[in-house]
Each structure stands twice: as C-alpha cells, then as structure tokens.
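In what follows, a structure is listed as structure tokens, so that the remarks can point back to it.
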Amino acid sequence: MSAGSIFFEPHVSLSRNEKFTMVREGSLGFALALALGFAASFISKQVKGLDPLVAAVVLGMAASLVINAREKVYFRLLPGIILAQSIFIPIGIALYGKNLEIKVMLASSPWIFLQVIGITGVTFVLMYWLGKLFGFNERMRYLLGFGSAICGAAAIAIASPVVECEPNDTATGLVDNTIAALISLYLLSTFVLPHVLPREYAAAAGALLHQTGFVKMALASHAKDLLEFGVVVKSLRVVLLVVAIPTVSYLIRKRIYVPWYLVLFVVVAFVFSYIPMGAQFSKGVTTFYEICFSAALASIGMNANVLHVFKRLFKPLVLVMLVFLLDLGLWWLTRGVIHY
C-alpha cells in the first residue's frame with residue numbers, strides 16, 4: 001500500500017481537454033449548486049436553529065422536482081452537480097475544523113470526555129445492531145450513526161463520501177436527523193430540565209442533541225457560561241470524527257484510508273485554536289465554509305429522488321429516536337459520577 005492511497009482515493013487520469021470539457025459542461029449545474037448554497041446560508045440566518053446544511057439539501061430536493069421533470073435539463077446539469085460535490089465537500093470539511101476549540105476542550109474534565117466517548121461508541125453500536133434488525137444496509141447504518149453520535153447534519157455530510165452512500169440515503173439521513181433533533185430538544189426541555197441542575201442540563205444538551213444549532217437553542221435562555229459549556233461538550237463529540245472516519249472507512253473498505261481533507265480539518269482546528277485571528281477574518285471563513293458545505297449538500301439534494309426520500313423517512317426516524325432514548329438513559333445513569 002502506497003502512502004498516497006492512504007490519503008487519496010484511486011482516480012482516473014484525465015487529459016487537459018477532458019478536464020476543460022468537464023468544467024465547461026458542468027458550469028451550469030455548478031453555478032446552480034453554488035446559488036443554492038448562498039440561499040441556504042442566508043435562509044438559515046433568518047430561521048433560528050435551522051442548520052444551513054439541512055436548508056441546502058431541502059432546497060436541492062425542491063430544485064430536483066423541476067430538474068427531474070425534464071430529462072434533457074437533468075443530464076445537462078448532472079456534470080456540474082457531481083463537480084460541485086467533488087470540490088465543495090472537501091473544502092467544507094477542512095474548514096469545519098474551525099469550530100473546534102482545542103484549548104478549551106483540553107481544559108475540560110476527562111470524566112466528561114470519557115462519558116462522551118462512551119455515549120458515542122454505544123450510539124454507533126446500537127445504530128449498527130438495531131439498524132440491521134430494522135433492515136437497513138451497512139452504509140445507511142453507519143451514516144445514521146455519524147448523524148446521531150457525532151454532529152448531526154455536518155457529520156452526515158462528512159461521512160457520506162467516505163461510506164459511499166447514495167444521494168437518496170444522504171438526503172433521508174439529513175431530513176430525519178433534523179426532525180429527530182427537534183423531538184429530542186422537546187424531550188430534554190420537558191422531561192430532563194426540571195429534574196437536573198442547569199450545568200447538568202447543558203452537559204446533556206451537548207452530549208445528546210444531534211446538531212450544534214439545537215444545543216444553542218436548548219441553552220439560549222440560560223447564562224452565557226452554560227451555553228459555552230454545552231457547546232464545548234458538543235465539540236468533544238465533533239473531534240471524534242478524527243477517529244470515527246478512519247475506523248468506519250477501514251470496516252467498509254478493508255484498508256486504511258484517512259481522507260486528505262480530514263488531515264486539513266485537524267490542521268485548521270489547531271490553527272484557529274492557537275493562532276489569534278481577527279473577528280472579521282474568522283467570520284469570513286465561517287461564511288465561506290457554510291456556503292461551500294451548503295452548495296455540496298444542495299448538489300446532493302438535486303441528485304436525490306424526493307418521493308423516494310419522503311417515503312423512507314419514518315423508519316430511520318424511529319431508529320434514531322430509539323437510540324436517542326437509550327443514550328439518554330446511559331447519560332442519566334452516568335451523570336451521578338461526573339462533576340460537571
């Protein structure tokens with residue numbers, strides 16, 4: 001095995017003319033994906049708690065209704081849709097590392113980190129085992145595991161090319177993950193919040209809710225330090241991508257594979273954690289990665305079959321919520337030995 005094969009997928013070499021033709025023929029679909037990425041980023045800022053990646057895949061699926069209605073239009077846009085995924089997904093994943101506060105996480109209690117690792121591991125195991133009983137294929141089970149165990153829509157977007165899921169599966173996972181996050185937020189605020197201390201509630205939100213936006217929603221009415229604590233706990237789950245991606249990739253491919261953009265993800269995390277950045281520059285990077293990631297997810301949505309996705313929503317949602325309740329039980333049993 002060569003060093004290059006560890007970080008890069010095998011690919012077909014193209015001549016300069018073939019590359020030029022691909023770019024020329026893909027320009028229209030690429031531009032549409034980028035426009036939808038801009039739109040999703042804008043809409044998510046207007047709707048509280050809406051993840052731009054979820055907004056992007058919904059916009060993409062809405063566009064697919066028009067695109068798929070005319071076969072000529074679809075095949076004219078398809079090269080650009082594929083090109084958008086191949087360019088924007090690696091950029092979005094690499095820059096997503098900006099969200100990790102390495103210094104803050106290292107200062108966290110090791111007991112909290114152990115609890116997060118335990119819940120994450122249990123989530124993957126339950127999703128894989130129960131998902132098999134539910135009749136899902138291996139790749140779908142891993143995809144749902146990433147969404148529930150790590151960081152919701154972002155983890156699904158990151159894991160999708162690694163586990164080689166079909167666009168329909170990715171779109172289904174994204175929509176279900178958002179619905180599950182809404183239900184989970186209601187359950188935590190209604191049945192957990194009244195019975196625990198504020199800092200315990202912040203820890204529960206960070207350790208259990210599927211998307212960072214919903215962690216912030218859960219703690220929006222609490223003190224700023226509790227909000228920051230909940231987001232740090234959530235970040236402890238995000239950093240586990242560095243272990244989860246290569247592990248799952250090995251289980252599927254039977255070879256060591258660490259995507260090159262995951263290496264950049266770690267580099268970006270350390271750069272933004274230890275090198276002072278201006279607020280304006282940091283905000284600009286966040287906007288850029290949101291648009292790139294959203295354009296990638298919009299292209300996945302455009303390549304998905306809307307009717308197929310909505311017909312399949314119920315069963316994965318039941319599985320995700322069942323695993324959430326089991327995780328909540330595990331958190332409740334272990335919270336008494338941890339000093340938050």
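Residues in the structure tokens are numbered from 1 in each chain, the chains being A, B, ... in the order shown, and ligands are numbered from 1 in the order shown.
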Using only C-alpha atoms, what does the table of region 40-80 of chain A residues within 12 Å of region 85-95 of chain A look like, with each row giving the shortest atom pair and its distance in Å to one decimal, sorted by chain and ascending number, as CSV?
```
residue,atom,partner,partner_atom,distance
A:Leu53,CA,A:Gly92,CA,10.6
A:Leu78,CA,A:Gln85,CA,10.9
A:Pro79,CA,A:Gln85,CA,10.2
A:Gly80,CA,A:Gln85,CA,8.6
```
Contacts of region 161-254 of chain A with region 304-311 of chain A up to 8 Å, shortest pair per row, only C-alpha atoms, as JSON lines:
```
{"residue": "A:Pro167", "atom": "CA", "partner": "A:Ala304", "partner_atom": "CA", "distance": 5.1}
{"residue": "A:Asn168", "atom": "CA", "partner": "A:Ala304", "partner_atom": "CA", "distance": 4.8}
{"residue": "A:Asp169", "atom": "CA", "partner": "A:Val309", "partner_atom": "CA", "distance": 7.5}
{"residue": "A:Ala171", "atom": "CA", "partner": "A:Val309", "partner_atom": "CA", "distance": 6.8}
{"residue": "A:Thr172", "atom": "CA", "partner": "A:Val309", "partner_atom": "CA", "distance": 5.4}
```
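The closest residue to Met321 (chain A), picked from A:Thr334, A:Thr123, A:Ser27, A:Gln280 and counting only C-alpha atoms, is A:Thr123.
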Closest of A:Pro259, A:Val162, A:Ala295, A:Lys315 to Phe146 (chain A), counting only C-alpha atoms, is A:Val162
For Val337 (chain A), which of A:Leu236, A:Leu114, A:Met217, A:Leu319 is the closest residue, counting only C-alpha atoms? A:Leu114
Can you pull out every residue from region 98-172 of chain A that DSSP, working from the backbone, puts in alpha helix (DSSP H), and format the result as a ChimeraX atom specification? /A:102-106,110-134,138-146,152-163,167-172
